[in-house]
file final_26.pdb (PDB, C-alpha atoms)
MODEL        1
ATOM      1  CA  MET T   1     -39.117 -16.974  34.057
ATOM      2  CA  ALA T   2     -42.770 -15.979  34.344
ATOM      3  CA  THR T   3     -41.993 -14.180  37.579
ATOM      4  CA  LEU T   4     -39.066 -12.373  36.001
ATOM      5  CA  PHE T   5     -41.168 -10.898  33.219
ATOM      6  CA  LYS T   6     -44.302 -10.378  35.280
ATOM      7  CA  GLY T   7     -45.607  -6.903  34.668
ATOM      8  CA  PHE T   8     -43.210  -6.215  31.804
ATOM      9  CA  ASN T   9     -46.011  -5.494  29.333
ATOM     10  CA  THR T  10     -48.787  -4.770  31.804
ATOM     11  CA  PHE T  11     -49.896  -1.646  33.616
ATOM     12  CA  PRO T  12     -50.684  -1.087  37.288
ATOM     13  CA  ALA T  13     -54.335  -1.164  38.286
ATOM     14  CA  TYR T  14     -54.280   2.560  38.945
ATOM     15  CA  ALA T  15     -52.922   3.412  35.455
ATOM     16  CA  SER T  16     -55.270   5.769  33.650
ATOM     17  CA  VAL T  17     -56.047   5.850  29.954
ATOM     18  CA  PRO T  18     -53.834   8.954  29.384
ATOM     19  CA  ASP T  19     -50.955   7.119  31.121
ATOM     20  CA  ILE T  20     -51.332   4.125  28.832
ATOM     21  CA  ILE T  21     -51.575   6.350  25.746
ATOM     22  CA  GLY T  22     -48.500   8.279  26.867
ATOM     23  CA  TRP T  23     -46.583   5.010  27.418
ATOM     24  CA  TYR T  24     -47.220   3.883  23.859
ATOM     25  CA  ALA T  25     -46.741   7.377  22.415
ATOM     26  CA  LEU T  26     -43.307   7.639  23.996
ATOM     27  CA  ARG T  27     -42.222   4.359  22.427
ATOM     28  CA  VAL T  28     -43.607   5.311  19.033
ATOM     29  CA  LEU T  29     -41.708   8.605  19.276
ATOM     30  CA  CYS T  30     -38.482   6.801  20.164
ATOM     31  CA  ILE T  31     -38.894   4.408  17.237
ATOM     32  CA  GLY T  32     -39.590   7.344  14.939
ATOM     33  CA  VAL T  33     -36.459   9.205  16.079
ATOM     34  CA  LEU T  34     -34.323   6.088  15.617
ATOM     35  CA  ALA T  35     -35.766   5.544  12.144
ATOM     36  CA  PHE T  36     -35.126   9.193  11.257
ATOM     37  CA  LEU T  37     -31.479   8.824  12.298
ATOM     38  CA  LEU T  38     -30.826   5.396  10.777
ATOM     39  CA  LEU T  39     -32.691   5.520   7.467
ATOM     40  CA  PRO T  40     -30.286   8.016   5.794
ATOM     41  CA  ILE T  41     -27.467   5.613   6.663
ATOM     42  CA  LEU T  42     -29.279   2.485   5.514
ATOM     43  CA  VAL T  43     -30.520   3.841   2.177
ATOM     44  CA  ILE T  44     -26.923   4.154   0.980
ATOM     45  CA  ILE T  45     -26.425   0.374   1.122
ATOM     46  CA  PRO T  46     -28.619  -0.546  -1.893
ATOM     47  CA  LEU T  47     -27.034   2.262  -3.915
ATOM     48  CA  SER T  48     -23.647   0.546  -3.603
ATOM     49  CA  PHE T  49     -25.079  -2.321  -5.702
ATOM     50  CA  SER T  50     -26.583  -0.064  -8.360
ATOM     51  CA  SER T  51     -25.599  -0.397 -12.008
ATOM     52  CA  SER T  52     -26.117   3.338 -12.472
ATOM     53  CA  THR T  53     -23.241   5.805 -12.462
ATOM     54  CA  PHE T  54     -25.293   8.173 -10.308
ATOM     55  CA  LEU T  55     -26.434   7.981  -6.692
ATOM     56  CA  ALA T  56     -30.150   8.025  -7.338
ATOM     57  CA  TYR T  57     -33.343   6.039  -6.896
ATOM     58  CA  PRO T  58     -34.896   4.122  -8.566
ATOM     59  CA  MET T  59     -31.946   1.936  -9.494
ATOM     60  CA  PRO T  60     -31.871   0.643 -13.088
ATOM     61  CA  GLY T  61     -30.234  -2.620 -12.063
ATOM     62  CA  TRP T  62     -27.870  -4.440  -9.746
ATOM     63  CA  SER T  63     -24.110  -4.647 -10.119
ATOM     64  CA  LEU T  64     -20.905  -5.258  -8.146
ATOM     65  CA  GLN T  65     -18.850  -2.981 -10.370
ATOM     66  CA  TRP T  66     -18.345  -0.338  -7.666
ATOM     67  CA  TYR T  67     -16.902  -2.877  -5.234
ATOM     68  CA  ASP T  68     -14.629  -4.081  -8.012
ATOM     69  CA  ASN T  69     -13.566  -0.493  -8.644
ATOM     70  CA  LEU T  70     -12.931  -0.006  -4.934
ATOM     71  CA  PHE T  71     -10.566  -2.978  -4.649
ATOM     72  CA  THR T  72      -8.805  -2.455  -7.982
ATOM     73  CA  SER T  73      -8.315   1.325  -7.856
ATOM     74  CA  ASP T  74      -4.871   2.501  -6.789
ATOM     75  CA  ASP T  75      -6.271   5.613  -5.093
ATOM     76  CA  TRP T  76      -8.822   3.753  -2.989
ATOM     77  CA  GLY T  77      -6.347   0.972  -2.213
ATOM     78  CA  ARG T  78      -3.773   3.472  -0.956
ATOM     79  CA  ALA T  79      -6.414   5.243   1.126
ATOM     80  CA  MET T  80      -7.550   1.998   2.783
ATOM     81  CA  ARG T  81      -3.959   0.992   3.482
ATOM     82  CA  ASN T  82      -3.215   4.363   5.076
ATOM     83  CA  SER T  83      -6.345   4.219   7.242
ATOM     84  CA  PHE T  84      -5.409   0.783   8.547
ATOM     85  CA  ILE T  85      -1.903   2.041   9.312
ATOM     86  CA  VAL T  86      -2.822   5.314  11.006
ATOM     87  CA  ALA T  87      -5.928   4.271  12.959
ATOM     88  CA  PRO T  88      -4.460   1.249  14.818
ATOM     89  CA  ALA T  89      -1.240   3.123  15.603
ATOM     90  CA  ALA T  90      -3.145   6.178  16.855
ATOM     91  CA  THR T  91      -5.449   3.921  18.882
ATOM     92  CA  LEU T  92      -2.486   2.235  20.564
ATOM     93  CA  VAL T  93      -0.896   5.558  21.516
ATOM     94  CA  ALA T  94      -4.220   7.036  22.679
ATOM     95  CA  THR T  95      -5.074   3.956  24.743
ATOM     96  CA  VAL T  96      -1.715   3.887  26.523
ATOM     97  CA  LEU T  97      -1.670   7.611  27.259
ATOM     98  CA  GLY T  98      -5.360   7.829  28.181
ATOM     99  CA  THR T  99      -5.175   4.833  30.516
ATOM    100  CA  MET T 100      -2.048   6.114  32.253
ATOM    101  CA  ALA T 101      -3.608   9.539  32.733
ATOM    102  CA  ALA T 102      -6.845   8.058  34.076
ATOM    103  CA  VAL T 103      -5.067   5.809  36.579
ATOM    104  CA  GLY T 104      -2.920   8.708  37.765
ATOM    105  CA  LEU T 105      -5.853  11.086  38.158
ATOM    106  CA  ALA T 106      -7.932   8.471  40.003
ATOM    107  CA  ARG T 107      -5.216   7.730  42.556
ATOM    108  CA  VAL T 108      -4.279  11.188  43.782
ATOM    109  CA  GLN T 109      -5.954  14.437  44.774
ATOM    110  CA  PHE T 110      -4.138  17.720  44.185
ATOM    111  CA  PHE T 111      -4.778  21.381  43.603
ATOM    112  CA  GLY T 112      -5.720  22.098  39.987
ATOM    113  CA  LYS T 113      -6.901  18.566  39.227
ATOM    114  CA  GLY T 114     -10.106  19.904  37.686
ATOM    115  CA  ALA T 115      -8.183  22.322  35.468
ATOM    116  CA  LEU T 116      -5.852  19.530  34.346
ATOM    117  CA  MET T 117      -8.816  17.313  33.562
ATOM    118  CA  SER T 118     -10.381  20.087  31.499
ATOM    119  CA  LEU T 119      -7.134  20.512  29.597
ATOM    120  CA  LEU T 120      -6.853  16.778  28.870
ATOM    121  CA  ILE T 121     -10.367  16.517  27.458
ATOM    122  CA  ALA T 122     -10.098  19.783  25.506
ATOM    123  CA  PRO T 123      -9.729  17.999  22.118
ATOM    124  CA  MET T 124     -13.279  16.694  22.604
ATOM    125  CA  VAL T 125     -14.820  20.176  22.867
ATOM    126  CA  VAL T 126     -12.526  22.425  20.824
ATOM    127  CA  PRO T 127     -13.840  22.875  17.241
ATOM    128  CA  ILE T 128     -12.028  20.449  14.986
ATOM    129  CA  VAL T 129     -11.138  23.197  12.498
ATOM    130  CA  VAL T 130      -9.310  25.058  15.267
ATOM    131  CA  VAL T 131      -7.444  21.858  16.120
ATOM    132  CA  GLY T 132      -6.524  21.362  12.478
ATOM    133  CA  VAL T 133      -5.223  24.898  11.944
ATOM    134  CA  SER T 134      -3.274  25.065  15.208
ATOM    135  CA  THR T 135      -1.785  21.601  14.689
ATOM    136  CA  TYR T 136      -0.730  22.491  11.176
ATOM    137  CA  LEU T 137       0.989  25.711  12.303
ATOM    138  CA  PHE T 138       2.838  23.857  15.060
ATOM    139  CA  PHE T 139       3.743  20.735  13.076
ATOM    140  CA  ALA T 140       4.926  22.810  10.113
ATOM    141  CA  ARG T 141       7.647  24.341  12.297
ATOM    142  CA  ILE T 142       8.993  20.977  13.434
ATOM    143  CA  GLY T 143       8.629  19.119  10.136
ATOM    144  CA  LEU T 144       5.767  16.773  11.042
ATOM    145  CA  THR T 145       3.375  17.782   8.280
ATOM    146  CA  ASP T 146       3.012  15.352   5.365
ATOM    147  CA  THR T 147       4.250  12.497   7.592
ATOM    148  CA  TYR T 148       2.658   9.402   9.072
ATOM    149  CA  LEU T 149       4.089  10.273  12.481
ATOM    150  CA  GLY T 150       2.395  13.663  12.556
ATOM    151  CA  LEU T 151      -0.926  12.172  11.461
ATOM    152  CA  ILE T 152      -0.729   9.411  14.075
ATOM    153  CA  LEU T 153       0.128  11.867  16.852
ATOM    154  CA  VAL T 154      -2.730  14.251  16.139
ATOM    155  CA  HIS T 155      -5.213  11.371  15.776
ATOM    156  CA  ALA T 156      -3.970   9.966  19.087
ATOM    157  CA  ALA T 157      -4.491  13.364  20.715
ATOM    158  CA  LEU T 158      -8.088  13.379  19.448
ATOM    159  CA  GLY T 159      -8.764   9.840  20.676
ATOM    160  CA  ALA T 160      -7.028   9.941  24.066
ATOM    161  CA  PRO T 161      -9.812  11.956  25.816
ATOM    162  CA  PHE T 162     -12.306   9.191  25.024
ATOM    163  CA  VAL T 163     -10.020   6.625  26.630
ATOM    164  CA  LEU T 164      -9.460   8.928  29.603
ATOM    165  CA  THR T 165     -13.151   9.458  30.318
ATOM    166  CA  THR T 166     -14.196   5.811  29.892
ATOM    167  CA  VAL T 167     -11.349   4.482  32.044
ATOM    168  CA  LEU T 168     -12.032   7.111  34.716
ATOM    169  CA  ALA T 169     -15.676   6.042  34.776
ATOM    170  CA  THR T 170     -14.587   2.419  35.254
ATOM    171  CA  LEU T 171     -12.187   3.370  38.031
ATOM    172  CA  GLN T 172     -15.014   4.975  40.008
ATOM    173  CA  SER T 173     -16.146   1.505  41.064
ATOM    174  CA  PHE T 174     -12.640   0.053  41.395
ATOM    175  CA  ASN T 175     -11.697  -1.305  44.828
ATOM    176  CA  HIS T 176      -8.298   0.216  45.605
ATOM    177  CA  ASN T 177      -7.867  -2.222  48.488
ATOM    178  CA  LEU T 178      -6.930  -4.775  45.840
ATOM    179  CA  VAL T 179      -3.913  -2.658  44.895
ATOM    180  CA  ARG T 180      -2.898  -2.222  48.529
ATOM    181  CA  ALA T 181      -3.194  -5.951  49.111
ATOM    182  CA  SER T 182      -1.060  -6.723  46.094
ATOM    183  CA  LEU T 183       1.635  -4.265  47.145
ATOM    184  CA  SER T 184       1.622  -5.610  50.702
ATOM    185  CA  LEU T 185       2.218  -9.124  49.364
ATOM    186  CA  GLY T 186       5.393  -8.043  47.617
ATOM    187  CA  ALA T 187       4.252  -7.256  44.082
ATOM    188  CA  GLY T 188       5.723  -4.182  42.439
ATOM    189  CA  PRO T 189       3.628  -1.295  41.070
ATOM    190  CA  LEU T 190       4.031  -2.448  37.468
ATOM    191  CA  GLU T 191       3.143  -6.055  38.249
ATOM    192  CA  THR T 192       0.167  -4.889  40.312
ATOM    193  CA  PHE T 193      -1.107  -2.781  37.462
ATOM    194  CA  PHE T 194      -0.941  -5.551  34.855
ATOM    195  CA  ARG T 195      -2.194  -8.359  37.116
ATOM    196  CA  ILE T 196      -4.747  -6.516  39.271
ATOM    197  CA  THR T 197      -5.787  -3.125  37.941
ATOM    198  CA  LEU T 198      -5.772  -3.700  34.187
ATOM    199  CA  PRO T 199      -7.932  -6.879  34.187
ATOM    200  CA  VAL T 200     -10.571  -5.096  36.287
ATOM    201  CA  ILE T 201     -10.697  -1.933  34.177
ATOM    202  CA  ALA T 202     -10.329  -3.810  30.868
ATOM    203  CA  PRO T 203     -13.948  -3.113  29.758
ATOM    204  CA  GLY T 204     -13.350   0.631  30.095
ATOM    205  CA  VAL T 205     -10.006   0.410  28.302
ATOM    206  CA  ILE T 206     -11.526  -1.592  25.435
ATOM    207  CA  SER T 207     -14.456   0.807  25.134
ATOM    208  CA  GLY T 208     -12.140   3.804  25.089
ATOM    209  CA  ALA T 209      -9.878   2.146  22.521
ATOM    210  CA  LEU T 210     -12.872   1.488  20.306
ATOM    211  CA  PHE T 211     -13.942   5.136  20.482
ATOM    212  CA  ALA T 212     -10.361   6.234  19.791
ATOM    213  CA  PHE T 213     -10.176   3.927  16.775
ATOM    214  CA  ALA T 214     -13.487   5.194  15.417
ATOM    215  CA  THR T 215     -12.368   8.800  15.937
ATOM    216  CA  SER T 216      -9.136   8.243  14.052
ATOM    217  CA  PHE T 217     -10.666   6.118  11.311
ATOM    218  CA  ASP T 218     -13.391   8.708  10.671
ATOM    219  CA  GLU T 219     -11.330  11.901  10.944
ATOM    220  CA  VAL T 220     -11.152  14.057   7.819
ATOM    221  CA  VAL T 221     -10.755  17.719   8.828
ATOM    222  CA  VAL T 222      -7.406  17.418  10.604
ATOM    223  CA  THR T 223      -6.224  15.022   7.904
ATOM    224  CA  LEU T 224      -6.874  17.697   5.291
ATOM    225  CA  PHE T 225      -4.464  20.019   7.125
ATOM    226  CA  ILE T 226      -1.757  17.531   8.133
ATOM    227  CA  ALA T 227      -1.634  14.714   5.578
ATOM    228  CA  GLY T 228       0.244  14.908   2.304
ATOM    229  CA  PRO T 229      -0.564  13.164  -0.996
ATOM    230  CA  THR T 230       0.904   9.877   0.233
ATOM    231  CA  GLN T 231      -0.977   9.904   3.563
ATOM    232  CA  VAL T 232      -4.489  10.181   2.121
ATOM    233  CA  THR T 233      -6.883   8.219   4.363
ATOM    234  CA  LEU T 234     -10.226   6.689   3.457
ATOM    235  CA  PRO T 235     -12.381   9.589   4.778
ATOM    236  CA  ARG T 236     -10.226  12.117   2.943
ATOM    237  CA  GLN T 237     -10.488  10.099  -0.264
ATOM    238  CA  MET T 238     -14.265  10.009   0.179
ATOM    239  CA  PHE T 239     -14.317  13.764   0.745
ATOM    240  CA  THR T 240     -12.265  14.290  -2.417
ATOM    241  CA  GLY T 241     -14.551  11.985  -4.377
ATOM    242  CA  ILE T 242     -17.683  13.806  -3.237
ATOM    243  CA  ARG T 243     -16.178  17.193  -4.058
ATOM    244  CA  GLU T 244     -14.758  16.347  -7.473
ATOM    245  CA  ASN T 245     -16.674  13.402  -8.896
ATOM    246  CA  ILE T 246     -19.571  11.745  -7.101
ATOM    247  CA  SER T 247     -19.260   8.033  -7.810
ATOM    248  CA  PRO T 248     -21.232   5.064  -6.415
ATOM    249  CA  THR T 249     -17.854   3.753  -5.260
ATOM    250  CA  ILE T 250     -18.351   6.072  -2.296
ATOM    251  CA  ALA T 251     -21.534   4.158  -1.483
ATOM    252  CA  ALA T 252     -19.561   0.911  -1.582
ATOM    253  CA  VAL T 253     -16.995   2.351   0.821
ATOM    254  CA  ALA T 254     -19.743   3.639   3.115
ATOM    255  CA  THR T 255     -21.413   0.217   3.151
ATOM    256  CA  LEU T 256     -18.186  -1.511   4.132
ATOM    257  CA  LEU T 257     -17.575   1.076   6.852
ATOM    258  CA  ILE T 258     -21.082   0.504   8.239
ATOM    259  CA  ILE T 259     -20.462  -3.251   8.365
ATOM    260  CA  PHE T 260     -17.012  -2.736   9.879
ATOM    261  CA  THR T 261     -18.139  -0.404  12.660
ATOM    262  CA  THR T 262     -21.194  -2.540  13.427
ATOM    263  CA  THR T 263     -18.949  -5.583  13.753
ATOM    264  CA  LEU T 264     -16.707  -3.671  16.159
ATOM    265  CA  MET T 265     -19.674  -2.700  18.323
ATOM    266  CA  VAL T 266     -21.029  -6.252  18.384
ATOM    267  CA  ALA T 267     -17.584  -7.587  19.286
ATOM    268  CA  LEU T 268     -17.311  -5.035  22.093
ATOM    269  CA  GLU T 269     -20.685  -6.012  23.531
ATOM    270  CA  TRP T 270     -19.722  -9.683  23.301
ATOM    271  CA  LEU T 271     -16.493  -9.036  25.171
ATOM    272  CA  ARG T 272     -18.276  -7.007  27.830
ATOM    273  CA  GLY T 273     -20.846  -9.785  28.215
ATOM    274  CA  ARG T 274     -18.143 -12.407  28.685
ATOM    275  CA  ARG T 275     -16.425 -10.111  31.150
ATOM    276  CA  ARG T 276     -19.588  -9.860  33.259
TER     277      ARG T 276
ENDMDL
END

call {"tool": "encode", "arguments": {"input": "final_26.pdb", "output": "structure tokens"}}
result
Amino acid sequence: MATLFKGFNTFPAYASVPDIIGWYALRVLCIGVLAFLLLPILVIIPLSFSSSTFLAYPMPGWSLQWYDNLFTSDDWGRAMRNSFIVAPAATLVATVLGTMAAVGLARVQFFGKGALMSLLIAPMVVPIVVVGVSTYLFFARIGLTDTYLGLILVHAALGAPFVLTTVLATLQSFNHNLVRASLSLGAGPLETFFRITLPVIAPGVISGALFAFATSFDEVVVTLFIAGPTQVTLPRQMFTGIRENISPTIAAVATLLIIFTTTLMVALEWLRGRRR
């Protein structure tokens, strides 16, 4: 153990004073940047327990009334229910489509592969307002606006590029001789995929699915264009609450979302650690 960590917090003999100062300055800068990014998120947590009706410091007292309002309100309850319907369904569709596309692109070389790849990841780079307007104009013609199906499809389209890129990155180190060996031993393509390929690329698939879920669960702009009154999701309800009546209930929702997403990330790292 001593050998493993030897030199971890020490400097070479030839290290000069400016090098040592720069080493510490870089770490202080990194900590400062992280604090700058995280503090605005963390300061919202105490406000969710405030007894005040305003989002302001100092807090006059502590109360759980905003969590009670969150779980007893019909509007917030419907929004949470819709989010947990749309996000998992969109994640499933995005994961299946993104994984299939990644496996197909990794196996073959053909003219225009780069153009096709650019087209598939376009939802990641196209401004979300453009996606919302164009999707609304198209879905309105085929009757998919104000429907769960339309919302799930557009959220899946936004999440699939994340699955595609993460699975493709995993497939870069995949040994395709395993597939050839499986096929030569009599296994079919489908059996080979589920018994050989999928277990190996599972970390990439899980990571992509997590990003797709977070994308869907956090999406508000496209939802504003596509969703009707009965398909209001949690982010849209938060947006409406901020625009019309700022309530500490929003802080309670934000706190729960922070805990939820942090739990997902910890679970992902745990799964990846067990996989290794």

call {"tool": "resolve_selection", "arguments": {"input": "final_26.pdb", "expression": "the PyMOL selection byres ((chain T and resi 206-210) around 10)", "output": "ChimeraX atom specification"}}
result
/T:88,90-96,98-99,159-167,201-205,211-216,261,264-265,268-269,271-272

call {"tool": "closest_residue", "arguments": {"input": "final_26.pdb", "among": "T:Met59, T:Val17, T:Ile250, T:Val103", "to": "Leu198 (chain T)", "atoms": "only C-alpha atoms"}}
result
T:Val103

call {"tool": "closest_atom_pairs", "arguments": {"input": "final_26.pdb", "of": "region 64-116 of chain T", "to": "region 222-234 of chain T", "cutoff": "6 Å", "atoms": "all atoms listed in the file", "output": "tab-separated table"}}
result
residue	atom	partner	partner_atom	distance
T:Ala79	CA	T:Thr233	CA	4.4
T:Met80	CA	T:Leu234	CA	5.4
T:Asn82	CA	T:Thr233	CA	5.4
T:Ser83	CA	T:Thr233	CA	5.0

call {"tool": "resolve_selection", "arguments": {"input": "final_26.pdb", "expression": "the PyMOL selection byres ((chain T and resi 139) around 12)", "output": "PDB file with C-alpha atoms, keeping the file's coordinate frame"}}
result
ATOM      1  CA  VAL T 131      -7.444  21.858  16.120  1.00  0.00           C
ATOM      2  CA  GLY T 132      -6.524  21.362  12.478  1.00  0.00           C
ATOM      3  CA  VAL T 133      -5.223  24.898  11.944  1.00  0.00           C
ATOM      4  CA  SER T 134      -3.274  25.065  15.208  1.00  0.00           C
ATOM      5  CA  THR T 135      -1.785  21.601  14.689  1.00  0.00           C
ATOM      6  CA  TYR T 136      -0.730  22.491  11.176  1.00  0.00           C
ATOM      7  CA  LEU T 137       0.989  25.711  12.303  1.00  0.00           C
ATOM      8  CA  PHE T 138       2.838  23.857  15.060  1.00  0.00           C
ATOM      9  CA  ALA T 140       4.926  22.810  10.113  1.00  0.00           C
ATOM     10  CA  ARG T 141       7.647  24.341  12.297  1.00  0.00           C
ATOM     11  CA  ILE T 142       8.993  20.977  13.434  1.00  0.00           C
ATOM     12  CA  GLY T 143       8.629  19.119  10.136  1.00  0.00           C
ATOM     13  CA  LEU T 144       5.767  16.773  11.042  1.00  0.00           C
ATOM     14  CA  THR T 145       3.375  17.782   8.280  1.00  0.00           C
ATOM     15  CA  ASP T 146       3.012  15.352   5.365  1.00  0.00           C
ATOM     16  CA  THR T 147       4.250  12.497   7.592  1.00  0.00           C
ATOM     17  CA  LEU T 149       4.089  10.273  12.481  1.00  0.00           C
ATOM     18  CA  GLY T 150       2.395  13.663  12.556  1.00  0.00           C
ATOM     19  CA  LEU T 151      -0.926  12.172  11.461  1.00  0.00           C
ATOM     20  CA  LEU T 153       0.128  11.867  16.852  1.00  0.00           C
ATOM     21  CA  VAL T 154      -2.730  14.251  16.139  1.00  0.00           C
ATOM     22  CA  VAL T 222      -7.406  17.418  10.604  1.00  0.00           C
ATOM     23  CA  PHE T 225      -4.464  20.019   7.125  1.00  0.00           C
ATOM     24  CA  ILE T 226      -1.757  17.531   8.133  1.00  0.00           C
ATOM     25  CA  ALA T 227      -1.634  14.714   5.578  1.00  0.00           C
TER      26      ALA T 227
END

call {"tool": "residues_around", "arguments": {"input": "final_26.pdb", "residues": "region 46-48 of chain T", "least_positions_apart": "6", "cutoff": "12 Å", "atoms": "all atoms listed in the file", "output": "list of chain:residue names"}}
result
T:Leu39, T:Pro40, T:Phe54, T:Leu55, T:Ala56, T:Tyr57, T:Pro58, T:Met59, T:Pro60, T:Gly61, T:Trp62, T:Ser63, T:Leu64, T:Gln65, T:Trp66, T:Tyr67, T:Asp68, T:Asn69, T:Leu70, T:Ser247, T:Pro248, T:Thr249, T:Ile250, T:Ala251, T:Ala252, T:Val253, T:Ala254, T:Thr255, T:Leu256

call {"tool": "atom_distance", "arguments": {"input": "final_26.pdb", "atom1": "CA of Met238 (chain T)", "atom2": "CA of Leu38 (chain T)"}}
result
20.2 Å

call {"tool": "decode", "arguments": {"input": "final_26.pdb", "residues": "region 58-75 of chain T", "atoms": "N, CA and C atoms", "output": "short mmCIF file (atom, residue, chain, number, x, y, z; two decimals), in the first residue's frame"}}
result
data_model
loop_
_atom_site.label_atom_id
_atom_site.label_comp_id
_atom_site.auth_asym_id
_atom_site.auth_seq_id
_atom_site.Cartn_x
_atom_site.Cartn_y
_atom_site.Cartn_z
N PRO T 58 -32.64 35.47 5.05
CA PRO T 58 -32.63 34.33 5.98
C PRO T 58 -34.02 33.74 6.14
N MET T 59 -34.08 32.48 6.52
CA MET T 59 -35.36 31.80 6.67
C MET T 59 -35.92 32.07 8.08
N PRO T 60 -37.21 32.38 8.16
CA PRO T 60 -37.80 32.66 9.48
C PRO T 60 -37.96 31.43 10.35
N GLY T 61 -38.01 30.26 9.73
CA GLY T 61 -38.20 29.03 10.49
C GLY T 61 -38.16 27.82 9.57
N TRP T 62 -38.36 26.66 10.19
CA TRP T 62 -38.31 25.40 9.45
C TRP T 62 -39.69 24.79 9.39
N SER T 63 -40.00 24.17 8.25
CA SER T 63 -41.32 23.58 8.07
C SER T 63 -41.28 22.54 6.94
N LEU T 64 -42.17 21.56 7.02
CA LEU T 64 -42.33 20.55 5.97
C LEU T 64 -43.59 20.80 5.15
N GLN T 65 -44.15 22.00 5.27
CA GLN T 65 -45.42 22.26 4.61
C GLN T 65 -45.34 22.18 3.09
N TRP T 66 -44.17 22.50 2.52
CA TRP T 66 -44.06 22.51 1.06
C TRP T 66 -43.96 21.09 0.51
N TYR T 67 -43.38 20.18 1.28
CA TYR T 67 -43.39 18.77 0.89
C TYR T 67 -44.80 18.20 1.01
N ASP T 68 -45.51 18.63 2.04
CA ASP T 68 -46.90 18.20 2.19
C ASP T 68 -47.74 18.71 1.03
N ASN T 69 -47.51 19.96 0.64
CA ASN T 69 -48.23 20.52 -0.50
C ASN T 69 -47.89 19.79 -1.80
N LEU T 70 -46.64 19.38 -1.93
CA LEU T 70 -46.21 18.67 -3.13
C LEU T 70 -46.95 17.35 -3.28
N PHE T 71 -47.08 16.59 -2.19
CA PHE T 71 -47.66 15.26 -2.26
C PHE T 71 -49.18 15.25 -2.13
N THR T 72 -49.76 16.37 -1.77
CA THR T 72 -51.22 16.44 -1.66
C THR T 72 -51.88 17.23 -2.79
N SER T 73 -51.09 17.99 -3.53
CA SER T 73 -51.63 18.80 -4.63
C SER T 73 -51.94 17.92 -5.84
N ASP T 74 -53.11 18.13 -6.42
CA ASP T 74 -53.48 17.37 -7.61
C ASP T 74 -52.59 17.72 -8.80
N ASP T 75 -52.24 18.99 -8.94
CA ASP T 75 -51.41 19.41 -10.08
C ASP T 75 -50.02 18.78 -10.02
#
